[in-house]
$ cat entry-v3.csv   # CSV, C-alpha atoms and all ligand atoms
chain,number,residue,atom,x,y,z
A,1,GLU,CA,-13.3,-26.7,-16.1
A,2,MET,CA,-15.6,-24.1,-14.8
A,3,PRO,CA,-19.3,-25.0,-14.0
A,4,LEU,CA,-21.9,-23.2,-16.0
A,5,LEU,CA,-23.8,-20.5,-14.2
A,6,GLU,CA,-26.9,-22.6,-14.4
A,7,GLN,CA,-25.2,-25.2,-12.3
A,8,CYS,CA,-25.0,-22.8,-9.3
A,9,TYR,CA,-28.1,-23.7,-7.4
A,10,ASN,CA,-27.5,-21.7,-4.2
A,11,LEU,CA,-25.2,-19.1,-2.8
A,12,LEU,CA,-22.7,-21.6,-1.4
A,13,ASP,CA,-22.1,-22.9,-4.9
A,14,PHE,CA,-20.8,-19.5,-6.0
A,15,GLU,CA,-18.2,-19.7,-3.2
A,16,ALA,CA,-17.0,-23.1,-4.3
A,17,VAL,CA,-16.5,-21.9,-7.8
A,18,ALA,CA,-14.9,-18.6,-6.7
A,19,ARG,CA,-12.4,-20.4,-4.6
A,20,ARG,CA,-11.2,-22.3,-7.7
A,21,VAL,CA,-11.2,-19.5,-10.3
A,22,MET,CA,-10.4,-16.3,-8.4
A,23,LYS,CA,-6.9,-14.8,-8.3
A,24,LYS,CA,-5.2,-15.9,-5.1
A,25,THR,CA,-4.8,-12.3,-3.7
A,26,ALA,CA,-8.5,-11.5,-4.3
A,27,TRP,CA,-9.7,-14.8,-2.8
A,28,GLY,CA,-7.5,-14.1,0.1
A,29,TYR,CA,-8.9,-10.7,0.7
A,30,TYR,CA,-12.6,-11.6,0.2
A,31,SER,CA,-12.6,-14.9,2.1
A,32,SER,CA,-10.3,-14.2,5.0
A,33,ALA,CA,-11.4,-13.4,8.5
A,34,ALA,CA,-9.7,-12.7,11.8
A,35,ASP,CA,-7.2,-15.0,13.6
A,36,ASP,CA,-8.5,-18.6,13.6
A,37,GLU,CA,-11.7,-17.7,11.8
A,38,ILE,CA,-13.9,-19.1,14.5
A,39,THR,CA,-16.4,-16.3,14.3
A,40,LEU,CA,-16.5,-16.6,10.5
A,41,ARG,CA,-17.6,-20.2,10.9
A,42,GLU,CA,-20.0,-19.5,13.7
A,43,ASN,CA,-21.7,-16.8,11.7
A,44,HIS,CA,-23.0,-19.4,9.3
A,45,SER,CA,-23.4,-22.3,11.7
A,46,ALA,CA,-25.4,-20.4,14.3
A,47,PHE,CA,-28.3,-20.4,11.8
A,48,HIS,CA,-28.2,-24.2,11.9
A,49,ARG,CA,-29.2,-24.1,15.6
A,50,ILE,CA,-32.6,-22.6,14.8
A,51,TRP,CA,-35.4,-24.7,13.6
A,52,PHE,CA,-38.8,-23.9,12.2
A,53,ARG,CA,-42.3,-24.4,13.8
A,54,PRO,CA,-44.3,-24.1,10.6
A,55,ARG,CA,-48.0,-23.4,10.5
A,56,VAL,CA,-50.0,-25.8,8.2
A,57,LEU,CA,-53.3,-25.4,6.3
A,58,VAL,CA,-52.7,-21.7,5.7
A,59,ASN,CA,-53.6,-20.4,2.3
A,60,VAL,CA,-50.2,-19.6,0.8
A,61,GLU,CA,-51.2,-19.2,-2.8
A,62,HIS,CA,-50.1,-15.6,-2.8
A,63,VAL,CA,-46.8,-14.8,-1.0
A,64,ASP,CA,-45.5,-11.2,-0.7
A,65,PHE,CA,-42.1,-10.7,1.0
A,66,SER,CA,-41.6,-7.1,0.1
A,67,THR,CA,-40.9,-4.8,3.1
A,68,THR,CA,-39.3,-1.4,3.9
A,69,MET,CA,-35.8,-0.5,5.2
A,70,LEU,CA,-35.3,2.9,6.7
A,71,GLY,CA,-38.5,3.9,4.9
A,72,THR,CA,-37.5,2.6,1.5
A,73,PRO,CA,-39.6,-0.1,-0.1
A,74,VAL,CA,-37.6,-3.2,-1.1
A,75,SER,CA,-38.6,-6.4,-2.9
A,76,ILE,CA,-37.1,-8.8,-0.4
A,77,PRO,CA,-35.6,-8.1,3.1
A,78,PHE,CA,-31.9,-8.2,2.2
A,79,TYR,CA,-29.4,-5.5,1.2
A,80,VAL,CA,-26.0,-5.7,-0.4
A,81,THR,CA,-23.7,-4.8,2.4
A,82,ALA,CA,-20.5,-2.7,2.0
A,83,THR,CA,-17.5,-4.7,1.0
A,84,ALA,CA,-14.3,-2.9,0.1
A,85,LEU,CA,-12.2,-3.3,-3.0
A,86,GLY,CA,-14.7,-4.6,-5.6
A,87,LYS,CA,-12.2,-4.4,-8.4
A,88,LEU,CA,-10.1,-7.2,-6.9
A,89,GLY,CA,-12.8,-9.6,-8.0
A,90,HIS,CA,-14.1,-7.9,-11.2
A,91,VAL,CA,-12.6,-5.2,-13.5
A,92,GLU,CA,-15.8,-3.1,-13.2
A,93,GLY,CA,-16.0,-3.3,-9.4
A,94,GLU,CA,-18.9,-2.1,-7.3
A,95,VAL,CA,-21.0,-0.8,-10.2
A,96,VAL,CA,-21.7,-4.5,-11.0
A,97,LEU,CA,-23.5,-4.8,-7.6
A,98,THR,CA,-25.3,-1.5,-8.3
A,99,ARG,CA,-26.8,-2.9,-11.5
A,100,SER,CA,-28.0,-6.1,-9.9
A,101,ALA,CA,-29.4,-4.2,-6.9
A,102,ALA,CA,-31.4,-2.0,-9.4
A,103,LYS,CA,-32.7,-5.0,-11.3
A,104,HIS,CA,-33.9,-6.8,-8.1
A,105,ASN,CA,-35.0,-3.7,-6.3
A,106,VAL,CA,-32.8,-4.0,-3.2
A,107,ILE,CA,-30.6,-1.5,-1.6
A,108,GLN,CA,-26.8,-1.3,-2.0
A,109,MET,CA,-24.5,0.0,0.8
A,110,ILE,CA,-21.6,1.8,-0.8
A,111,PRO,CA,-18.3,1.2,1.1
A,112,THR,CA,-15.9,4.1,2.0
A,113,LEU,CA,-13.1,1.9,0.6
A,114,ALA,CA,-14.8,1.1,-2.7
A,115,SER,CA,-12.6,0.5,-5.8
A,116,CYS,CA,-14.8,2.7,-8.0
A,117,ALA,CA,-15.1,6.4,-7.2
A,118,PHE,CA,-18.1,7.2,-5.1
A,119,ASP,CA,-19.7,9.3,-7.8
A,120,GLU,CA,-19.3,6.5,-10.3
A,121,ILE,CA,-21.3,4.2,-8.1
A,122,ILE,CA,-23.9,6.8,-7.6
A,123,ASP,CA,-24.1,7.5,-11.3
A,124,ALA,CA,-24.5,3.8,-12.0
A,125,ALA,CA,-27.8,3.8,-10.1
A,126,GLN,CA,-31.1,3.7,-12.1
A,127,GLY,CA,-34.2,5.7,-11.6
A,128,ASP,CA,-35.1,6.1,-7.9
A,129,GLN,CA,-32.7,3.3,-6.9
A,130,VAL,CA,-31.7,3.8,-3.2
A,131,GLN,CA,-28.1,3.6,-2.0
A,132,TRP,CA,-26.6,3.9,1.5
A,133,LEU,CA,-23.1,5.0,2.5
A,134,GLN,CA,-20.9,2.9,4.8
A,135,LEU,CA,-18.6,5.3,6.7
A,136,TYR,CA,-15.2,4.7,8.1
A,137,VAL,CA,-14.6,7.7,10.3
A,138,ASN,CA,-11.4,9.6,9.5
A,139,LYS,CA,-9.1,11.0,12.2
A,140,ASP,CA,-9.5,14.3,10.2
A,141,ARG,CA,-13.2,15.1,10.8
A,142,ALA,CA,-13.2,17.7,8.1
A,143,ILE,CA,-12.6,14.9,5.6
A,144,THR,CA,-15.4,12.8,7.2
A,145,LYS,CA,-17.8,15.8,7.1
A,146,LYS,CA,-17.1,16.3,3.4
A,147,ILE,CA,-17.7,12.6,2.6
A,148,VAL,CA,-21.0,12.7,4.5
A,149,GLU,CA,-22.3,15.9,3.1
A,150,HIS,CA,-21.4,14.8,-0.4
A,151,ALA,CA,-23.2,11.5,0.0
A,152,GLU,CA,-26.3,13.3,1.3
A,153,LYS,CA,-26.2,15.7,-1.6
A,154,ARG,CA,-25.9,12.9,-4.1
A,155,GLY,CA,-29.0,11.3,-2.6
A,156,CYS,CA,-27.8,8.6,-0.2
A,157,LYS,CA,-30.6,7.6,2.1
A,158,GLY,CA,-28.7,6.2,5.0
A,159,LEU,CA,-25.4,6.7,6.8
A,160,PHE,CA,-24.0,3.4,8.2
A,161,ILE,CA,-21.2,4.2,10.6
A,162,THR,CA,-18.9,1.3,11.1
A,163,VAL,CA,-18.3,0.9,14.8
A,164,ASP,CA,-16.5,-2.4,15.1
A,165,ALA,CA,-13.2,-1.4,13.5
A,166,PRO,CA,-11.2,1.0,15.7
A,167,GLN,CA,-8.3,-1.0,14.1
A,168,LEU,CA,-8.6,-3.5,11.3
A,169,GLY,CA,-8.5,-7.1,12.4
A,170,ARG,CA,-5.6,-9.4,11.6
A,171,ARG,CA,-6.4,-11.6,8.6
A,172,GLU,CA,-3.6,-13.9,8.2
A,173,LYS,CA,-4.7,-15.5,4.9
A,174,ASP,CA,-4.7,-12.1,3.4
A,175,MET,CA,-1.4,-11.1,5.0
A,176,ARG,CA,0.3,-14.1,3.6
A,177,LEU,CA,-0.5,-12.9,0.1
A,178,LYS,CA,1.4,-9.7,0.7
A,179,PHE,CA,-1.1,-7.4,-0.9
A,180,THR,CA,-0.5,-4.0,-2.3
A,181,ASP,CA,-3.1,-1.3,-2.2
A,182,GLU,CA,-3.7,-0.8,-5.9
A,183,GLY,CA,-7.4,-0.9,-6.6
A,184,SER,CA,-8.7,1.3,-3.9
A,185,ASN,CA,-9.8,4.9,-4.6
A,186,VAL,CA,-8.7,5.8,-1.1
A,187,GLN,CA,-5.5,7.6,-0.3
A,188,SER,CA,-4.5,6.9,3.3
A,189,GLY,CA,-2.2,9.9,3.5
A,190,GLU,CA,0.2,7.9,5.6
A,191,ALA,CA,3.0,5.5,4.7
A,192,THR,CA,1.6,1.9,5.0
A,193,ASP,CA,3.4,-1.3,5.4
A,194,ARG,CA,2.7,-3.4,2.3
A,195,ASN,CA,3.3,-6.6,4.2
A,196,GLN,CA,0.2,-6.1,6.3
A,197,GLY,CA,-2.3,-7.4,3.7
A,198,ALA,CA,-4.9,-5.5,1.8
A,199,ALA,CA,-7.1,-4.6,4.7
A,200,ARG,CA,-4.5,-3.0,6.9
A,201,ALA,CA,-2.6,-1.3,4.1
A,202,ILE,CA,-5.7,0.8,3.2
A,203,SER,CA,-7.0,1.6,6.7
A,204,SER,CA,-4.4,3.6,8.6
A,205,PHE,CA,-6.6,6.7,8.6
A,206,ILE,CA,-9.4,5.1,10.7
A,207,ASP,CA,-9.9,6.9,14.0
A,208,PRO,CA,-9.6,4.6,17.0
A,209,ALA,CA,-10.8,7.5,19.2
A,210,LEU,CA,-14.3,7.4,17.8
A,211,SER,CA,-16.8,7.2,20.7
A,212,TRP,CA,-20.4,7.6,21.7
A,213,ALA,CA,-19.6,11.3,22.3
A,214,ASP,CA,-19.2,11.7,18.6
A,215,ILE,CA,-22.8,10.6,17.7
A,216,PRO,CA,-24.4,14.0,18.3
A,217,TRP,CA,-21.9,15.6,15.9
A,218,PHE,CA,-22.9,13.1,13.1
A,219,LYS,CA,-26.6,14.0,13.8
A,220,SER,CA,-25.7,17.7,13.4
A,221,ILE,CA,-24.0,17.3,10.0
A,222,THR,CA,-26.6,15.2,8.2
A,223,LYS,CA,-30.3,14.6,7.8
A,224,MET,CA,-29.7,11.0,6.6
A,225,PRO,CA,-30.9,8.3,9.0
A,226,ILE,CA,-27.9,7.1,11.0
A,227,VAL,CA,-27.3,3.4,11.6
A,228,LEU,CA,-24.4,2.0,13.7
A,229,LYS,CA,-22.9,-1.0,12.0
A,230,GLY,CA,-21.1,-3.5,14.1
A,231,VAL,CA,-23.0,-3.5,17.4
A,232,GLN,CA,-22.6,-6.7,19.4
A,233,ARG,CA,-24.5,-6.6,22.7
A,234,VAL,CA,-27.9,-5.5,23.9
A,235,GLU,CA,-26.4,-2.9,26.2
A,236,ASP,CA,-25.1,-1.1,23.2
A,237,VAL,CA,-28.4,-1.4,21.4
A,238,LEU,CA,-29.9,0.4,24.3
A,239,LYS,CA,-27.2,3.1,24.1
A,240,ALA,CA,-27.9,3.5,20.4
A,241,ILE,CA,-31.6,4.1,21.1
A,242,GLU,CA,-30.6,6.6,23.8
A,243,ALA,CA,-28.3,8.3,21.3
A,244,GLY,CA,-31.3,8.7,19.0
A,245,VAL,CA,-30.0,6.9,15.9
A,246,GLN,CA,-32.5,5.2,13.6
A,247,GLY,CA,-30.9,1.8,13.5
A,248,VAL,CA,-28.1,-0.7,14.3
A,249,VAL,CA,-26.6,-3.5,12.4
A,250,LEU,CA,-25.8,-6.4,14.7
A,251,SER,CA,-22.6,-7.6,13.0
A,252,ASN,CA,-19.1,-8.8,13.6
A,253,HIS,CA,-17.9,-7.6,10.2
A,254,GLY,CA,-18.1,-11.0,8.7
A,255,GLY,CA,-15.8,-12.4,11.3
A,256,ARG,CA,-13.0,-10.1,10.1
A,257,GLN,CA,-12.5,-8.1,13.3
A,258,LEU,CA,-12.7,-9.7,16.7
A,259,ASP,CA,-12.4,-13.4,16.6
A,260,PHE,CA,-14.8,-15.0,19.1
A,261,ALA,CA,-17.3,-12.2,18.6
A,262,ARG,CA,-20.8,-13.9,18.7
A,263,SER,CA,-22.9,-14.4,15.7
A,264,ALA,CA,-25.3,-11.5,14.9
A,265,ILE,CA,-28.3,-13.9,15.0
A,266,GLU,CA,-27.4,-14.9,18.6
A,267,VAL,CA,-27.1,-11.2,19.6
A,268,LEU,CA,-30.4,-10.6,17.9
A,269,ALA,CA,-32.0,-13.3,20.0
A,270,GLU,CA,-30.5,-11.7,23.1
A,271,THR,CA,-31.6,-8.2,22.1
A,272,MET,CA,-35.3,-8.4,21.1
A,273,PRO,CA,-36.8,-9.8,24.3
A,274,VAL,CA,-35.1,-7.0,26.3
A,275,LEU,CA,-36.4,-4.4,23.9
A,276,ARG,CA,-39.9,-5.9,24.0
A,277,GLN,CA,-39.9,-6.0,27.7
A,278,MET,CA,-38.9,-2.3,27.9
A,279,GLY,CA,-41.4,-1.4,25.2
A,280,LEU,CA,-38.5,-0.2,22.9
A,281,GLU,CA,-38.9,-2.6,20.0
A,282,ASN,CA,-40.4,0.1,17.7
A,283,LYS,CA,-37.8,2.7,18.6
A,284,ILE,CA,-35.1,1.4,16.3
A,285,GLU,CA,-34.6,-0.7,13.2
A,286,ILE,CA,-32.4,-3.8,13.9
A,287,TYR,CA,-30.5,-5.3,11.0
A,288,ILE,CA,-28.1,-8.2,11.1
A,289,ASP,CA,-25.3,-9.4,8.8
A,290,GLY,CA,-22.8,-12.3,8.7
A,291,GLY,CA,-23.2,-15.8,7.3
A,292,VAL,CA,-26.6,-15.3,5.6
A,293,ARG,CA,-26.5,-17.7,2.7
A,294,ARG,CA,-30.1,-19.1,2.4
A,295,ALA,CA,-33.6,-17.5,2.4
A,296,THR,CA,-34.2,-19.6,5.5
A,297,ASP,CA,-31.5,-17.6,7.2
A,298,ILE,CA,-33.3,-14.4,6.2
A,299,ILE,CA,-36.6,-15.8,7.5
A,300,LYS,CA,-35.1,-16.8,10.8
A,301,ALA,CA,-33.6,-13.3,11.3
A,302,LEU,CA,-37.0,-11.7,10.6
A,303,CYS,CA,-38.9,-14.1,12.8
A,304,LEU,CA,-36.5,-13.1,15.6
A,305,GLY,CA,-37.1,-9.4,15.0
A,306,ALA,CA,-34.7,-8.1,12.4
A,307,LYS,CA,-36.0,-5.6,9.9
A,308,GLY,CA,-33.6,-6.9,7.3
A,309,VAL,CA,-30.2,-8.6,6.7
A,310,GLY,CA,-27.0,-7.7,4.9
A,311,ILE,CA,-25.2,-10.1,2.6
A,312,GLY,CA,-21.6,-9.6,1.7
A,313,ARG,CA,-19.3,-12.3,0.4
A,314,PRO,CA,-21.8,-14.3,-1.7
A,315,PHE,CA,-22.3,-11.4,-4.1
A,316,LEU,CA,-18.5,-10.8,-4.3
A,317,TYR,CA,-18.0,-14.5,-5.2
A,318,ALA,CA,-20.8,-14.5,-7.8
A,319,MET,CA,-19.4,-11.3,-9.3
A,320,SER,CA,-15.9,-12.6,-9.4
A,321,ALA,CA,-16.8,-15.9,-10.9
A,322,TYR,CA,-19.5,-14.9,-13.4
A,323,GLY,CA,-19.8,-11.1,-13.5
A,324,GLN,CA,-23.1,-9.4,-13.7
A,325,ASP,CA,-25.0,-12.5,-14.6
A,326,GLY,CA,-23.7,-14.2,-11.5
A,327,VAL,CA,-24.9,-11.5,-9.1
A,328,ASP,CA,-28.3,-11.4,-10.9
A,329,ARG,CA,-28.6,-15.1,-10.5
A,330,ALA,CA,-27.5,-15.1,-6.9
A,331,MET,CA,-30.3,-12.6,-6.0
A,332,GLN,CA,-32.9,-14.5,-8.1
A,333,LEU,CA,-32.0,-17.7,-6.2
A,334,LEU,CA,-32.6,-16.0,-2.9
A,335,LYS,CA,-36.0,-14.8,-4.2
A,336,ASP,CA,-37.0,-18.3,-5.3
A,337,GLU,CA,-35.9,-19.7,-2.0
A,338,MET,CA,-37.8,-17.0,-0.2
A,339,GLU,CA,-41.1,-17.7,-1.9
A,340,MET,CA,-40.9,-21.4,-1.4
A,341,ASN,CA,-39.8,-21.2,2.3
A,342,MET,CA,-42.4,-18.6,3.2
A,343,ARG,CA,-45.0,-21.0,1.8
A,344,LEU,CA,-43.5,-24.0,3.7
A,345,ILE,CA,-43.6,-22.2,7.1
A,346,GLY,CA,-47.1,-20.9,6.4
A,347,ALA,CA,-46.5,-17.2,6.1
A,348,THR,CA,-47.8,-15.0,3.3
A,349,SER,CA,-46.2,-11.7,4.3
A,350,ILE,CA,-43.3,-10.3,6.3
A,351,ALA,CA,-45.7,-9.0,8.9
A,352,GLU,CA,-46.6,-12.6,9.7
A,353,LEU,CA,-43.1,-13.6,10.6
A,354,ASN,CA,-42.8,-13.8,14.4
A,355,PRO,CA,-40.8,-15.6,17.1
A,356,GLY,CA,-43.4,-18.4,17.4
A,357,LEU,CA,-42.4,-19.7,14.0
A,358,VAL,CA,-38.9,-20.7,15.2
A,359,ASP,CA,-37.4,-22.8,17.9
A,360,ALA,CA,-34.2,-20.8,18.8
A,361,ARG,CA,-33.5,-22.5,22.1
A,362,GLY,CA,-30.5,-24.3,20.6
A,363,LEU,CA,-28.9,-20.9,19.9
A,364,PHE,CA,-27.8,-20.6,23.5
A,365,ASN,CA,-27.4,-24.3,24.3
A,366,HIS,CA,-24.5,-25.6,22.4
A,401,LIG,C1,-16.3,-6.4,4.5
A,401,LIG,N1,-17.0,-5.7,5.4
A,401,LIG,C2,-16.9,-4.3,5.5
A,401,LIG,N2,-17.6,-3.6,6.4
A,401,LIG,C3,-17.5,-2.3,6.5
A,401,LIG,O1,-18.2,-1.7,7.3
A,401,LIG,N3,-16.6,-1.6,5.7
A,401,LIG,C4,-15.8,-2.3,4.8
A,401,LIG,O2,-15.0,-1.7,4.1
A,401,LIG,C5,-16.0,-3.7,4.7
A,401,LIG,N4,-15.2,-4.4,3.8
A,401,LIG,C6,-15.4,-5.7,3.6
A,401,LIG,C7,-14.7,-6.4,2.7
A,401,LIG,C8,-14.9,-7.8,2.5
A,401,LIG,C9,-14.1,-8.5,1.4
A,401,LIG,C10,-15.8,-8.5,3.3
A,401,LIG,C11,-16.1,-9.9,3.1
A,401,LIG,C12,-16.5,-7.8,4.3
A,401,LIG,C13,-18.0,-6.4,6.3
A,401,LIG,C14,-19.4,-6.5,5.6
A,401,LIG,O3,-20.0,-5.3,5.5
A,401,LIG,C15,-20.3,-7.4,6.4
A,401,LIG,O4,-20.3,-7.1,7.7
A,401,LIG,C16,-19.9,-8.9,6.2
A,401,LIG,O5,-19.4,-9.1,5.0
A,401,LIG,C17,-21.2,-9.8,6.4
A,401,LIG,O6,-20.8,-11.1,6.4
A,401,LIG,P1,-20.9,-12.1,5.0
A,401,LIG,O7,-22.3,-11.8,4.4
A,401,LIG,O8,-19.8,-11.7,4.2
A,401,LIG,O9,-20.8,-13.4,5.7
$ encode --input "entry-v3.csv" --output "structure tokens"
Amino acid sequence: EMPLLEQCYNLLDFEAVARRVMKKTAWGYYSSAADDEITLRENHSAFHRIWFRPRVLVNVEHVDFSTTMLGTPVSIPFYVTATALGKLGHVEGEVVLTRSAAKHNVIQMIPTLASCAFDEIIDAAQGDQVQWLQLYVNKDRAITKKIVEHAEKRGCKGLFITVDAPQLGRREKDMRLKFTDEGSNVQSGEATDRNQGAARAISSFIDPALSWADIPWFKSITKMPIVLKGVQRVEDVLKAIEAGVQGVVLSNHGGRQLDFARSAIEVLAETMPVLRQMGLENKIEIYIDGGVRRATDIIKALCLGAKGVGIGRPFLYAMSAYGQDGVDRAMQLLKDEMEMNMRLIGATSIAELNPGLVDARGLFNH
């Protein structure tokens, strides 16, 4: 017996329903993470080590949590991050997420390994809706160049180069389900071992030789802002600034790559004091993703200096269990939580969120 959509009161509820109703292969691909899934768990639980220091007696009658990301106005500081193979969970695939993003005025990042054709996802956008491209860099740079130029021509407003996946991680839950690569628009061009699981079967073209030396080339082939997705230490944030990219996503790929990678929220807390000390905090936009399930998680990230957060699995689960209505509701729940919790910490705008509103000492002492 499936719960009614109205009985989902938060993003974790969608996960519980999805686990029960999704096809095993799809659940395996979406929910799995690397090795022992320690980082997967840490991504969510790290937020539980941060507490609020709310201000009281602030007039919070009017709360506005709109902001900008790479110059684009958004209604709330989250975006739909790139997750491959949308049609595993829903027949229509990624365009379901496109429609919800339009409705809620948030940005969607389109994955290289989408199930829908790239142009189909672009065509599903409404009005001046903004989309970004997530890029896996192909060994054949001519192919990569074509993908990037086409995305720019079709109006994408950001190029997110995934830098944490020189090889895809080993996700055993996924492998056990012996996935075949139907459902992806991507042709790997190489024979793939169907026993590797969905992730590895579709990723054999990813270039493990990608390095910092390639960044100037990306800058030369596009005018889109470039963001490095998957940075995991402050030293690399400094390198990204030096390389002249517009942003980084502190991320461990939802725990799907290196197990025992730290949570993005912890890396953020390591990064911002260093940037502030060096006067570099305005030189780059810092995003985080991984384990964001509550508006309080979003608020914590923004207090600690993030410009915005990416959310992945919860929207896949909502889409798989309830289709369009599910994703719409998941986003609305986040907005409702956001309004209430901004009020409760005594902040009326994103500009008011600052490190003084949180006690993050526990992040490092555990
Ligand atoms: C991902 N992620 C991902 N990242 C990327 O750069 N390219 C990709 O193709 C994918 N594919 C993908 C599939 C699935 C099923 C998941 C769950 C994740 C990683 C994603 O962009 C993001 O980093 C994490 O999903 C964030 O963690 P949460 O919100 O899922 O906890």
$ closest_residue --input "entry-v3.csv" --among "A:Arg262, A:Lys283, A:His44, A:Arg141" --to "ligand LIG 401 (chain A)" --atoms "only C-alpha atoms and all ligand atoms"
A:His44
$ residues_around --input "entry-v3.csv" --residues "A:Asn282" --least-positions-apart "6" --cutoff "12 Å" --atoms "only C-alpha atoms" --output "ChimeraX atom specification"
/A:241,246-247,272,275-276,305-307
$ residues_near_ligand --input "entry-v3.csv" --ligand "ligand LIG 401 (chain A)" --cutoff "6 Å" --atoms "all atoms listed in the file" --output "list in words"
Tyr29, Tyr30, Thr81, Ala82, Thr83, Ala84, Pro111, Leu113, Gln134, Thr162, Ser251, His253, Gly254, Asp289, Gly290, Gly291, Val292, Ile311, Gly312 and Arg313 of chain A
$ residues_around --input "entry-v3.csv" --residues "A:Thr348" --least-positions-apart "3" --cutoff "9 Å" --atoms "only C-alpha atoms" --output "number ranges by chain"
A: 58-65, 339, 342-343, 351-353
$ write_last_selection --input "entry-v3.csv" --atoms "C-alpha atoms" --output "tab-separated table (two decimals), in the coordinates of the input"
chain	number	residue	atom	x	y	z
A	58	VAL	CA	-52.70	-21.70	5.70
A	59	ASN	CA	-53.60	-20.40	2.30
A	60	VAL	CA	-50.20	-19.60	0.80
A	61	GLU	CA	-51.20	-19.20	-2.80
A	62	HIS	CA	-50.10	-15.60	-2.80
A	63	VAL	CA	-46.80	-14.80	-1.00
A	64	ASP	CA	-45.50	-11.20	-0.70
A	65	PHE	CA	-42.10	-10.70	1.00
A	339	GLU	CA	-41.10	-17.70	-1.90
A	342	MET	CA	-42.40	-18.60	3.20
A	343	ARG	CA	-45.00	-21.00	1.80
A	351	ALA	CA	-45.70	-9.00	8.90
A	352	GLU	CA	-46.60	-12.60	9.70
A	353	LEU	CA	-43.10	-13.60	10.60
$ atom_distance --input "entry-v3.csv" --atom1 "atom CA of A:Gln232" --atom2 "atom CA of A:Ser66"
27.1 Å
